[in-house]
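Participant: Okay, so here is final.txt, and as you'll see once you scroll down, it has compact mmCIF, C-alpha atoms and all ligand atoms.
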# COMPACT_ATOMS: atom_id res chain seq x y z
CA MET A 209 223.48 256.60 160.11
CA ASN A 210 223.34 259.88 162.02
CA CYS A 211 224.87 263.13 160.86
CA ALA A 212 226.22 266.03 162.83
CA GLN A 213 227.46 269.16 161.13
CA ASP A 214 230.21 271.54 162.01
CA GLU A 215 232.36 269.41 164.27
CA ARG A 216 235.33 270.88 162.47
CA VAL A 217 238.31 271.41 164.75
CA PHE A 218 241.11 273.79 163.93
CA PHE A 219 244.50 274.07 165.54
CA GLY A 220 245.60 277.58 164.79
CA GLU A 221 244.30 277.63 161.26
CA VAL A 222 244.95 274.00 160.41
CA PHE A 223 242.27 271.33 160.45
CA ILE A 224 243.05 268.52 162.93
CA LEU A 225 240.00 266.26 163.17
CA ARG A 226 240.84 262.65 162.29
CA THR A 227 239.15 261.29 159.15
CA LEU A 228 237.75 258.48 161.27
CA GLU A 229 237.78 257.68 164.95
CA TRP A 230 236.05 255.61 167.57
CA ASP A 231 233.46 257.52 169.56
CA ALA A 232 233.79 255.87 172.97
CA SER A 233 230.76 257.54 174.54
CA SER A 234 228.32 256.24 171.90
CA GLN A 235 230.32 253.11 170.90
CA ARG A 236 230.12 254.09 167.26
CA LEU A 237 232.56 254.80 164.43
CA LYS A 238 232.66 258.45 163.54
CA MET A 239 233.89 259.60 160.12
CA ILE A 240 233.99 262.58 157.78
CA ASP A 241 231.57 262.09 154.87
CA GLN A 242 233.91 262.49 151.88
CA ARG A 243 231.07 262.38 149.36
CA VAL A 244 229.86 265.87 150.18
CA LEU A 245 233.15 267.74 150.61
CA PRO A 246 234.01 270.52 149.91
CA ALA A 247 230.44 271.87 149.69
CA LYS A 248 229.52 270.50 153.12
CA PHE A 249 231.47 269.27 156.11
CA GLU A 250 229.50 266.46 157.70
CA ILE A 251 230.34 263.83 160.28
CA ILE A 252 228.48 260.53 160.24
CA TYR A 253 228.22 257.88 162.96
CA LEU A 254 228.09 254.18 162.09
CA ASN A 255 226.87 251.52 164.50
CA THR A 256 226.93 248.34 162.38
CA TYR A 257 229.65 246.62 160.38
CA GLN A 258 227.21 246.48 157.46
CA SER A 259 227.05 250.28 157.41
CA VAL A 260 230.88 250.41 157.47
CA SER A 261 230.96 248.06 154.48
CA GLU A 262 228.44 250.28 152.68
CA ALA A 263 230.46 253.43 153.54
CA ILE A 264 233.55 251.84 151.97
CA LYS A 265 231.61 250.80 148.85
CA ASN A 266 229.94 254.16 148.30
CA MET A 267 233.16 256.05 149.14
CA THR A 268 231.91 257.92 152.19
CA VAL A 269 235.36 256.83 153.33
CA ARG A 270 238.06 256.18 150.74
CA GLY A 271 241.82 255.95 150.33
CA ALA A 272 243.67 252.70 150.97
CA PRO A 273 244.81 253.26 154.59
CA ALA A 274 241.49 254.85 155.62
CA ILE A 275 239.41 251.93 154.34
CA GLY A 276 241.72 249.45 156.10
CA VAL A 277 241.31 251.12 159.48
CA SER A 278 237.55 251.62 158.90
CA ALA A 279 237.21 247.88 158.35
CA ALA A 280 239.14 247.26 161.59
CA PHE A 281 236.58 249.35 163.48
CA GLY A 282 233.87 247.53 161.49
CA MET A 283 235.07 244.37 163.23
CA VAL A 284 234.72 246.10 166.61
CA LEU A 285 231.11 246.94 165.70
CA ALA A 286 230.50 243.36 164.54
CA ALA A 287 231.70 242.13 167.95
CA LEU A 288 229.27 244.49 169.70
CA GLN A 289 226.41 243.47 167.38
CA SER A 290 226.92 239.75 167.90
CA GLY A 291 224.54 238.17 170.39
CA ALA A 292 226.84 235.15 170.82
CA ALA A 293 227.23 234.06 174.43
CA ASP A 294 230.43 232.08 173.94
CA LEU A 295 233.75 232.55 172.15
CA THR A 296 233.01 229.97 169.45
CA GLY A 297 229.82 231.77 168.42
CA LEU A 298 231.47 235.20 168.53
CA ARG A 299 234.43 234.00 166.45
CA SER A 300 232.09 232.59 163.83
CA ASP A 301 230.13 235.88 163.61
CA LEU A 302 233.38 237.82 163.29
CA HIS A 303 234.72 235.65 160.47
CA ALA A 304 231.45 236.22 158.59
CA ALA A 305 231.70 239.99 159.15
CA ALA A 306 235.34 240.04 157.95
CA HIS A 307 234.29 238.21 154.80
CA GLU A 308 231.63 240.84 154.05
CA LEU A 309 233.94 243.78 154.84
CA GLU A 310 236.72 242.41 152.64
CA ALA A 311 234.37 242.23 149.65
CA ALA A 312 233.57 245.96 149.84
CA ARG A 313 236.40 247.06 147.52
CA PRO A 314 238.93 244.73 145.87
CA THR A 315 242.05 246.70 144.88
CA ALA A 316 243.57 248.24 148.01
CA VAL A 317 245.48 245.59 149.94
CA ASN A 318 245.13 247.60 153.16
CA LEU A 319 241.60 246.25 153.52
CA PRO A 320 242.52 242.51 153.70
CA TRP A 321 245.71 243.47 155.56
CA ALA A 322 243.74 245.16 158.36
CA LEU A 323 241.16 242.36 158.51
CA LYS A 324 243.88 239.72 158.71
CA ARG A 325 245.34 241.56 161.67
CA MET A 326 241.91 241.73 163.36
CA LEU A 327 241.26 238.03 162.66
CA ALA A 328 244.58 237.15 164.31
CA VAL A 329 243.13 238.76 167.47
CA VAL A 330 239.84 236.89 166.97
CA ASP A 331 241.60 233.54 166.74
CA ALA A 332 244.00 234.12 169.65
CA PRO A 333 243.11 232.72 173.11
CA HIS A 334 240.74 234.88 175.20
CA ALA A 335 239.29 234.54 178.66
CA SER A 336 235.76 235.62 177.67
CA VAL A 337 233.66 237.28 174.95
CA HIS A 338 234.10 240.53 176.85
CA ASP A 339 237.88 240.12 176.72
CA LEU A 340 237.79 239.51 172.94
CA ARG A 341 235.60 242.59 172.35
CA GLU A 342 237.98 244.76 174.40
CA THR A 343 241.07 243.42 172.65
CA LEU A 344 239.56 244.06 169.22
CA LEU A 345 238.91 247.68 170.13
CA LYS A 346 242.48 248.07 171.38
CA GLU A 347 243.85 246.56 168.14
CA ALA A 348 241.76 248.84 165.90
CA GLN A 349 242.76 251.83 168.00
CA ALA A 350 246.44 250.83 167.74
CA MET A 351 246.11 250.54 163.96
CA ALA A 352 244.62 254.03 163.76
CA ASP A 353 247.39 255.53 165.90
CA GLU A 354 250.12 253.65 164.02
CA ASP A 355 248.74 254.94 160.72
CA VAL A 356 249.17 258.56 161.81
CA GLU A 357 252.64 257.91 163.22
CA MET A 358 253.70 256.03 160.10
CA ASN A 359 252.47 258.78 157.80
CA ARG A 360 254.53 261.36 159.64
CA ARG A 361 257.60 259.15 159.28
CA ILE A 362 256.87 258.72 155.55
CA GLY A 363 256.48 262.49 155.34
CA ARG A 364 259.92 263.11 156.79
CA PHE A 365 261.63 260.69 154.36
CA GLY A 366 259.67 262.03 151.41
CA ALA A 367 260.23 265.69 152.21
CA GLU A 368 263.97 265.17 151.66
CA LEU A 369 263.16 264.58 147.97
CA ILE A 370 261.53 267.99 147.61
CA ALA A 371 263.62 271.08 146.86
CA ASP A 372 262.72 274.65 147.70
CA GLY A 373 260.80 276.08 144.73
CA ASP A 374 259.56 272.72 143.34
CA THR A 375 256.37 272.41 141.33
CA ILE A 376 254.76 269.04 141.95
CA ILE A 377 251.94 267.18 140.19
CA HIS A 378 249.80 265.24 142.65
CA HIS A 379 247.14 262.71 141.60
CA CYS A 380 243.94 261.73 143.43
CA ASN A 381 243.70 262.43 147.17
CA THR A 382 246.37 260.98 149.42
CA GLY A 383 246.02 263.43 152.27
CA ALA A 384 244.62 263.25 155.78
CA LEU A 385 241.29 262.25 154.24
CA ALA A 386 242.73 259.14 152.58
CA THR A 387 244.31 257.97 155.84
CA VAL A 388 243.45 258.33 159.52
CA ASP A 389 245.37 261.60 159.51
CA TRP A 390 248.28 263.41 157.85
CA GLY A 391 248.34 261.46 154.58
CA THR A 392 250.94 259.77 152.39
CA ALA A 393 251.95 261.62 149.17
CA LEU A 394 250.11 264.75 150.25
CA GLY A 395 251.65 264.25 153.71
CA VAL A 396 255.10 264.47 152.08
CA ILE A 397 254.12 267.74 150.42
CA ARG A 398 252.67 269.02 153.72
CA MET A 399 255.86 268.09 155.59
CA ALA A 400 258.05 269.92 153.04
CA HIS A 401 255.76 272.95 153.34
CA GLU A 402 256.03 272.86 157.15
CA GLN A 403 259.82 272.74 156.77
CA GLY A 404 259.55 276.10 155.05
CA LYS A 405 260.07 274.97 151.45
CA LYS A 406 258.16 276.99 148.88
CA ILE A 407 256.15 274.52 146.82
CA HIS A 408 253.50 274.81 144.16
CA VAL A 409 251.14 271.90 143.59
CA LEU A 410 249.39 271.13 140.31
CA VAL A 411 246.36 269.16 141.45
CA ASP A 412 245.09 266.59 138.95
CA GLU A 413 241.33 266.85 139.16
CA THR A 414 241.15 263.01 139.00
CA ARG A 415 238.14 262.05 136.95
CA PRO A 416 235.58 260.65 137.45
CA ARG A 417 235.16 261.10 141.24
CA LEU A 418 237.24 264.29 141.37
CA GLN A 419 239.18 263.37 144.50
CA GLY A 420 241.84 265.89 143.41
CA ALA A 421 239.60 268.85 142.61
CA ARG A 422 237.31 268.27 145.60
CA LEU A 423 239.42 266.77 148.37
CA THR A 424 243.09 267.51 147.67
CA ALA A 425 242.33 271.12 146.77
CA TRP A 426 240.24 271.43 149.95
CA GLU A 427 243.08 270.03 152.07
CA LEU A 428 245.70 272.25 150.41
CA SER A 429 243.50 275.26 151.15
CA GLN A 430 243.39 274.22 154.83
CA TYR A 431 247.19 273.95 154.94
CA LYS A 432 247.70 277.17 152.97
CA ILE A 433 249.83 275.43 150.34
CA PRO A 434 249.64 277.19 146.94
CA TYR A 435 248.06 275.11 144.18
CA ASP A 436 246.26 275.12 140.85
CA ILE A 437 243.77 272.48 139.81
CA ILE A 438 244.48 271.07 136.35
CA SER A 439 242.36 268.76 134.23
CA ASP A 440 243.94 265.31 134.11
CA ASN A 441 244.67 265.66 130.42
CA ALA A 442 246.72 268.85 131.00
CA ALA A 443 249.48 267.02 132.90
CA GLY A 444 251.40 266.15 129.71
CA TYR A 445 251.45 269.79 128.67
CA PHE A 446 252.93 270.96 131.98
CA LEU A 447 255.49 268.14 131.99
CA ARG A 448 256.64 268.70 128.41
CA THR A 449 256.97 272.46 128.85
CA GLY A 450 259.34 272.00 131.77
CA GLN A 451 256.99 273.37 134.40
CA VAL A 452 257.09 270.33 136.72
CA ASN A 453 259.93 269.06 138.93
CA LYS A 454 258.36 265.96 140.50
CA VAL A 455 255.27 263.77 140.48
CA PHE A 456 253.91 262.29 143.71
CA PHE A 457 251.00 259.90 144.08
CA GLY A 458 249.92 257.21 146.55
CA GLY A 459 249.37 253.52 146.00
CA ASP A 460 246.66 250.98 146.70
CA ARG A 461 248.60 247.77 146.15
CA VAL A 462 252.27 247.32 145.29
CA ALA A 463 253.49 244.00 143.86
CA ARG A 464 256.90 242.64 144.90
CA ASN A 465 258.51 243.80 141.63
CA GLY A 466 257.49 247.40 142.50
CA ASP A 467 254.52 247.75 140.11
CA VAL A 468 251.97 250.08 141.72
CA ALA A 469 248.18 249.95 141.40
CA ASN A 470 246.84 253.43 142.07
CA LYS A 471 243.96 255.68 141.09
CA ILE A 472 243.06 255.55 137.40
CA GLY A 473 245.20 258.00 135.44
CA SER A 474 248.38 257.37 137.43
CA TYR A 475 249.84 255.24 134.63
CA MET A 476 249.21 257.89 131.97
CA LEU A 477 250.76 260.53 134.24
CA ALA A 478 253.81 258.36 134.98
CA LEU A 479 254.33 257.69 131.25
CA ALA A 480 254.30 261.40 130.44
CA ALA A 481 256.60 262.21 133.38
CA HIS A 482 259.06 259.45 132.46
CA ALA A 483 259.16 260.62 128.84
CA ASN A 484 260.12 264.07 130.09
CA ALA A 485 262.68 262.87 132.69
CA VAL A 486 260.57 264.05 135.62
CA PRO A 487 260.88 261.69 138.63
CA VAL A 488 257.73 259.90 139.79
CA TYR A 489 257.35 258.72 143.40
CA SER A 490 254.65 256.47 144.81
CA VAL A 491 254.22 257.12 148.53
CA ILE A 492 252.95 254.20 150.60
CA PRO A 493 253.03 252.62 154.03
CA THR A 494 254.59 249.12 153.83
CA SER A 495 251.10 247.72 154.61
CA THR A 496 250.31 248.57 150.95
CA ILE A 497 253.00 246.16 149.69
CA ASP A 498 251.69 242.74 148.68
CA MET A 499 254.73 240.46 148.48
CA SER A 500 252.50 237.55 147.40
CA LEU A 501 252.09 239.09 143.93
CA ALA A 502 254.92 238.76 141.40
CA SER A 503 253.79 241.74 139.32
CA GLY A 504 251.05 244.32 138.92
CA ASP A 505 249.37 242.10 136.30
CA GLU A 506 248.03 240.01 139.19
CA ILE A 507 246.27 242.94 140.90
CA GLU A 508 242.48 242.93 140.70
CA ILE A 509 241.24 246.24 139.32
CA GLU A 510 237.90 247.47 140.63
CA GLU A 511 235.43 248.50 137.94
CA ARG A 512 232.83 250.90 139.31
CA SER A 513 229.44 252.02 138.05
CA GLN A 514 229.34 253.72 134.66
CA ASP A 515 227.15 256.42 136.24
CA GLU A 516 230.28 257.91 137.84
CA VAL A 517 231.56 258.70 134.33
CA LEU A 518 228.26 259.60 132.70
CA ASP A 519 226.66 261.78 135.38
CA ILE A 520 228.17 265.09 134.32
CA GLN A 521 226.41 268.31 133.51
CA ILE A 522 227.36 271.33 131.42
CA ALA A 523 225.25 274.45 131.98
CA GLY A 524 222.79 272.42 134.01
CA GLU A 525 222.22 269.89 131.21
CA ALA A 526 223.40 266.28 130.83
CA ALA A 527 226.74 266.33 128.99
CA THR A 528 226.39 262.84 127.53
CA PRO A 529 223.70 261.51 125.19
CA GLN A 530 220.84 259.59 126.76
CA GLY A 531 221.62 255.88 126.70
CA ALA A 532 225.39 256.41 126.38
CA SER A 533 227.49 253.71 128.00
CA ALA A 534 230.86 254.03 129.73
CA ARG A 535 233.70 252.00 131.24
CA ASN A 536 234.97 252.92 134.66
CA PRO A 537 238.09 251.13 135.92
CA ALA A 538 238.91 252.81 139.24
CA PHE A 539 242.64 251.98 139.24
CA ASP A 540 245.49 251.24 136.86
CA VAL A 541 248.96 249.78 137.24
CA THR A 542 252.12 251.84 136.84
CA PRO A 543 255.00 249.50 135.90
CA HIS A 544 258.01 249.89 138.21
CA GLU A 545 260.26 250.98 135.30
CA LEU A 546 258.45 254.33 135.33
CA LEU A 547 259.11 254.99 139.02
CA ALA A 548 262.08 256.78 140.56
CA GLY A 549 261.23 255.45 144.01
CA LEU A 550 258.74 254.16 146.55
CA VAL A 551 258.59 256.33 149.67
CA THR A 552 257.74 254.30 152.79
CA GLU A 553 257.98 254.67 156.58
CA LYS A 554 261.18 252.61 156.34
CA GLY A 555 262.83 254.97 153.85
CA VAL A 556 262.90 255.57 150.10
CA ILE A 557 263.16 252.36 148.08
CA ARG A 558 265.02 252.69 144.77
CA PRO A 559 265.51 250.27 141.89
CA PRO A 560 266.15 247.37 141.71
CA PHE A 561 262.76 247.29 143.45
CA GLU A 562 262.30 243.57 143.91
CA ALA A 563 265.63 243.02 145.68
CA ASN A 564 265.23 246.17 147.77
CA LEU A 565 261.60 245.39 148.67
CA ILE A 566 262.61 241.96 149.94
CA LYS A 567 265.32 243.57 152.09
CA ILE A 568 263.06 246.26 153.51
CA MET A 569 260.16 243.90 154.24
CA GLN A 570 262.51 241.70 156.27
CA LYS A 571 263.59 244.66 158.43
O1 LIG B 1 239.22 255.24 144.94
P1 LIG B 1 239.93 255.92 146.06
O2 LIG B 1 239.64 257.37 146.19
O3 LIG B 1 239.78 255.16 147.36
O4 LIG B 1 241.44 255.77 145.62
C1 LIG B 1 242.44 256.29 146.44
C2 LIG B 1 243.74 256.35 145.80
O5 LIG B 1 243.98 255.87 144.73
C3 LIG B 1 244.81 256.95 146.57
O6 LIG B 1 245.67 257.65 145.78
C4 LIG B 1 245.49 255.77 147.27
O7 LIG B 1 244.53 255.06 148.04
C5 LIG B 1 246.51 256.12 148.17
S1 LIG B 1 245.82 256.98 149.49
C6 LIG B 1 246.90 257.26 150.68
The structure given in the file should be rewritten as structure tokens.
Facilitator:
Amino acid sequence: MNCAQDERVFFGEVFILRTLEWDASSQRLKMIDQRVLPAKFEIIYLNTYQSVSEAIKNMTVRGAPAIGVSAAFGMVLAALQSGAADLTGLRSDLHAAAHELEAARPTAVNLPWALKRMLAVVDAPHASVHDLRETLLKEAQAMADEDVEMNRRIGRFGAELIADGDTIIHHCNTGALATVDWGTALGVIRMAHEQGKKIHVLVDETRPRLQGARLTAWELSQYKIPYDIISDNAAGYFLRTGQVNKVFFGGDRVARNGDVANKIGSYMLALAAHANAVPVYSVIPTSTIDMSLASGDEIEIEERSQDEVLDIQIAGEAATPQGASARNPAFDVTPHELLAGLVTEKGVIRPPFEANLIKIMQK
């Protein structure tokens, strides 16, 4: 892994570097290291699929769409790493790599979705190993470009839900950093801001990895969108006192009945919003919808290391007793009854979710 600092690119005052992209000159995958933001802006270069798998696991790259596209480029690296001289050998190496990449994180469906798409290329007829390598790169590149295009389309549909003057609670990070660029739920907020609507965002800090306080707040600063960071447990207060108009979050896997698995804390937030008649929207590309699952109960929830919960300091000292133990589910499921809509690149899906999801997925 190599690092290069200060490759930040601004257009006017807005940051435009993609979260991840293929570096053609060095034949490596280049990505922003999300573990060190906002204190440091670092770019890392990955030249093996194993290092891509590790980057997904340790959350150097995170967010459902971003990990899907990273895995796609991981397959490109696996093809370059393979010493196989014929197509049979290369295909076998690529299936093994896909298996390892898919195991990196279990909840977001975008990861198996992207690998399935890459494996369809692997298993299609090719003239040579060179031809297969080239086609894999083109497919990963297409996925990256489609992601950005799709997010902008989602943004335009979602922005119609936002009124001038709205205060919005946003959970986790769903911005450019969670995708290849632009973002999903945060992309909706960014689109409404670009349309001239005055918006205020209450940014859930999103314990334990603080994707909200670190990454969403950093992105909102880049886009000059006004915000306040709130502790996750303050959301109920703001909702009950009438200070919030809408809640927007992303999604990592949506079952066909509309239940949404998203960052831990989304369920609690949706419950409080629903109890106070504040609409909740999950913003997702349709690649996040898993029609094979009848309900959210079937979604595997990743449980991460307890250190992520326990490693906190107050005044430079450990805030938890030595030997304390913790539980750390990384996602929870918001039942569809709590949602006002799912915002996708094909439009806003309203209840009844199952019937409408079937219709939209057939489009
Ligand atoms: O654990 P993370 O940071 O990868 O979780 C990310 C989220 O839950 C996002 O809200 C979700 O992936 C949607 S991102 C567009």
Participant: For ligand LIG 1 (chain B), return the neighbouring residues as a ChimeraX atom specification (distance at most 6 Å; only C-alpha atoms and all ligand atoms).
Facilitator: /A:270-273,380-382,386-387,391-392,458-460,470-471
Participant: Generate a file of the selected residues that holds C-alpha atoms, formatted as an mmCIF file, in the coordinates of the input.
Facilitator:
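What ended up in again22.cif:
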data_model
loop_
_atom_site.group_PDB
_atom_site.id
_atom_site.type_symbol
_atom_site.label_atom_id
_atom_site.label_comp_id
_atom_site.auth_asym_id
_atom_site.auth_seq_id
_atom_site.Cartn_x
_atom_site.Cartn_y
_atom_site.Cartn_z
ATOM 1 C CA ARG A 270 238.060 256.180 150.740
ATOM 2 C CA GLY A 271 241.820 255.950 150.330
ATOM 3 C CA ALA A 272 243.670 252.700 150.970
ATOM 4 C CA PRO A 273 244.810 253.260 154.590
ATOM 5 C CA CYS A 380 243.940 261.730 143.430
ATOM 6 C CA ASN A 381 243.700 262.430 147.170
ATOM 7 C CA THR A 382 246.370 260.980 149.420
ATOM 8 C CA ALA A 386 242.730 259.140 152.580
ATOM 9 C CA THR A 387 244.310 257.970 155.840
ATOM 10 C CA GLY A 391 248.340 261.460 154.580
ATOM 11 C CA THR A 392 250.940 259.770 152.390
ATOM 12 C CA GLY A 458 249.920 257.210 146.550
ATOM 13 C CA GLY A 459 249.370 253.520 146.000
ATOM 14 C CA ASP A 460 246.660 250.980 146.700
ATOM 15 C CA ASN A 470 246.840 253.430 142.070
ATOM 16 C CA LYS A 471 243.960 255.680 141.090
#
Participant: Give the centre and edge lengths of an axis-aligned box, in Å to one decimal, that holds all listed atoms of range 358-363 of chain A with 5 Å on each side, as lines of an AutoDock Vina configuration file.
Facilitator:
center_x = 255.0
center_y = 259.3
center_z = 157.7
size_x = 15.1
size_y = 16.5
size_z = 14.8
Participant: Identify which of the residues A:Ile509, A:Met569, A:Val517, A:Leu288 lies closest to Arg535 in chain A, counting all atoms listed in the file when measuring atom-to-atom distances.
Facilitator: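 Distance minimum relative to Arg535 in chain A lands on A:Val517.
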Participant: Would you kindly return, as a PyMOL selection string, each protein, DNA or RNA residue with an atom no farther than 12 Å from any atom of Asn564 in chain A, considering all atoms listed in the file and excluding same-chain residues fewer than 5 positions away?
Facilitator: chain A and resi 464-466+499+549-550+554-559+569-571
Participant: Using only C-alpha atoms, find each residue of range 345-426 of chain A with at least one atom at most 12 Å away from an atom of range 518-528 of chain A; report its shortest atom-to-atom pair and that distance in Å (one decimal), sort the rows by chain and rising residue number, and return the result as a Markdown table.
Facilitator:
| residue | atom | partner | partner_atom | distance |
| --- | --- | --- | --- | --- |
| A:Arg415 | CA | A:Ile520 | CA | 10.7 |
| A:Pro416 | CA | A:Leu518 | CA | 8.8 |
| A:Arg417 | CA | A:Asp519 | CA | 10.3 |
| A:Leu418 | CA | A:Ile520 | CA | 11.5 |
Participant: When you look at range 307-312 of chain A with a cut-off of 8 Å (counting all atoms listed in the file), what residues show up, excluding the ones that are within fewer than 3 positions of it in the same chain? I need them as a ChimeraX atom specification.
Facilitator: /A:257-258,260-262,264-265,279,282,303-304,319-320,323
Participant: My list of candidates is A:Ile497, A:Ala306, A:Leu245, A:Leu385. Which is closest to Leu565 in chain A when distances are computed with all atoms listed in the file?
Facilitator: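 When distances to Leu565 in chain A are compared using all atoms listed in the file, the smallest one comes from A:Ile497.
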Participant: So which one's closest to Thr296 in chain A, A:Ile377, A:Val277, A:Ala532, A:Val337? Using only C-alpha atoms, please.
Facilitator: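 Among the listed residues, A:Val337 lies closest to Thr296 in chain A.
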Participant: Determine the nearest neighbour of His401 in chain A from the options A:Ile370, A:Gly383, A:Thr414, A:Glu562, counting all atoms listed in the file.
Facilitator: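 Distance minimum relative to His401 in chain A lands on A:Ile370.
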Participant: Contacts of Leu394 in chain A at 9 Å or less, counting all atoms listed in the file, minus same-chain residues fewer than 5 places along, as a short mmCIF file (atom, residue, chain, number, x, y, z; two decimals) with C-alpha atoms, keeping the file's coordinate frame?
Facilitator:
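result-v2.cif written:
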data_model
loop_
_atom_site.label_atom_id
_atom_site.label_comp_id
_atom_site.auth_asym_id
_atom_site.auth_seq_id
_atom_site.Cartn_x
_atom_site.Cartn_y
_atom_site.Cartn_z
CA GLY A 363 256.48 262.49 155.34
CA HIS A 378 249.80 265.24 142.65
CA ASN A 381 243.70 262.43 147.17
CA THR A 382 246.37 260.98 149.42
CA GLY A 383 246.02 263.43 152.27
CA ALA A 384 244.62 263.25 155.78
CA MET A 399 255.86 268.09 155.59
CA THR A 424 243.09 267.51 147.67
CA GLU A 427 243.08 270.03 152.07
CA LEU A 428 245.70 272.25 150.41
CA PHE A 456 253.91 262.29 143.71
CA PHE A 457 251.00 259.90 144.08
CA GLY A 458 249.92 257.21 146.55
CA VAL A 491 254.22 257.12 148.53
#
Participant: Between A:Val488, A:Met283, A:Val455, A:Val396, which is the closest to Arg360 in chain A once you count only C-alpha atoms?
Facilitator: A:Val396
Participant: If we count all atoms listed in the file and set the cut-off at 7 Å, which residues sit around Val409 in chain A, ignoring sequence neighbours fewer than 4 positions away in its own chain? Please answer as a ChimeraX atom specification.
Facilitator: /A:375-378,434-436
Participant: Which neighbours of range 538-548 of chain A fall inside 8 Å, counting all atoms listed in the file, when residues of the same chain fewer than 3 positions from it are skipped, and could you give them as a list in words?
Facilitator: Thr315, Asn465, Gly466, Asp467, Val468, Ala469, Asn470, Lys471, Ile472, Gly473, Ser474, Tyr475, Ala478, Leu479, His482, Pro487, Val488, Tyr489, Ser490, Gly504, Asp505, Ile509, Glu510, Glu511, Arg512, Arg558, Pro559 and Phe561 of chain A
Participant: With distances taken over all atoms listed in the file, which residue among A:Leu340, A:Ala425, A:Leu285, A:Ala274 lies nearest Asn318 in chain A?
Facilitator: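 That would be A:Ala274, the residue with the smallest distance to Asn318 in chain A.
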Participant: In Å to one decimal, how far is CA of Leu423 in chain A from CA of Asn266 in chain A?
Facilitator: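 Calculated distance between CA of Asn266 in chain A and CA of Leu423 in chain A is 15.8 Å.
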Participant: Grab the CA of Lys454 in chain A to CA of Met267 in chain A distance for me, in Å with one decimal place.
Facilitator: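 About the pair CA of Lys454 in chain A and CA of Met267 in chain A: they are 28.4 Å apart.
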Participant: One number please: CA of Asp355 in chain A to CA of Val388 in chain A, in Å, one decimal.
Facilitator: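 CA of Val388 in chain A lies at a distance of 6.4 Å from CA of Asp355 in chain A.
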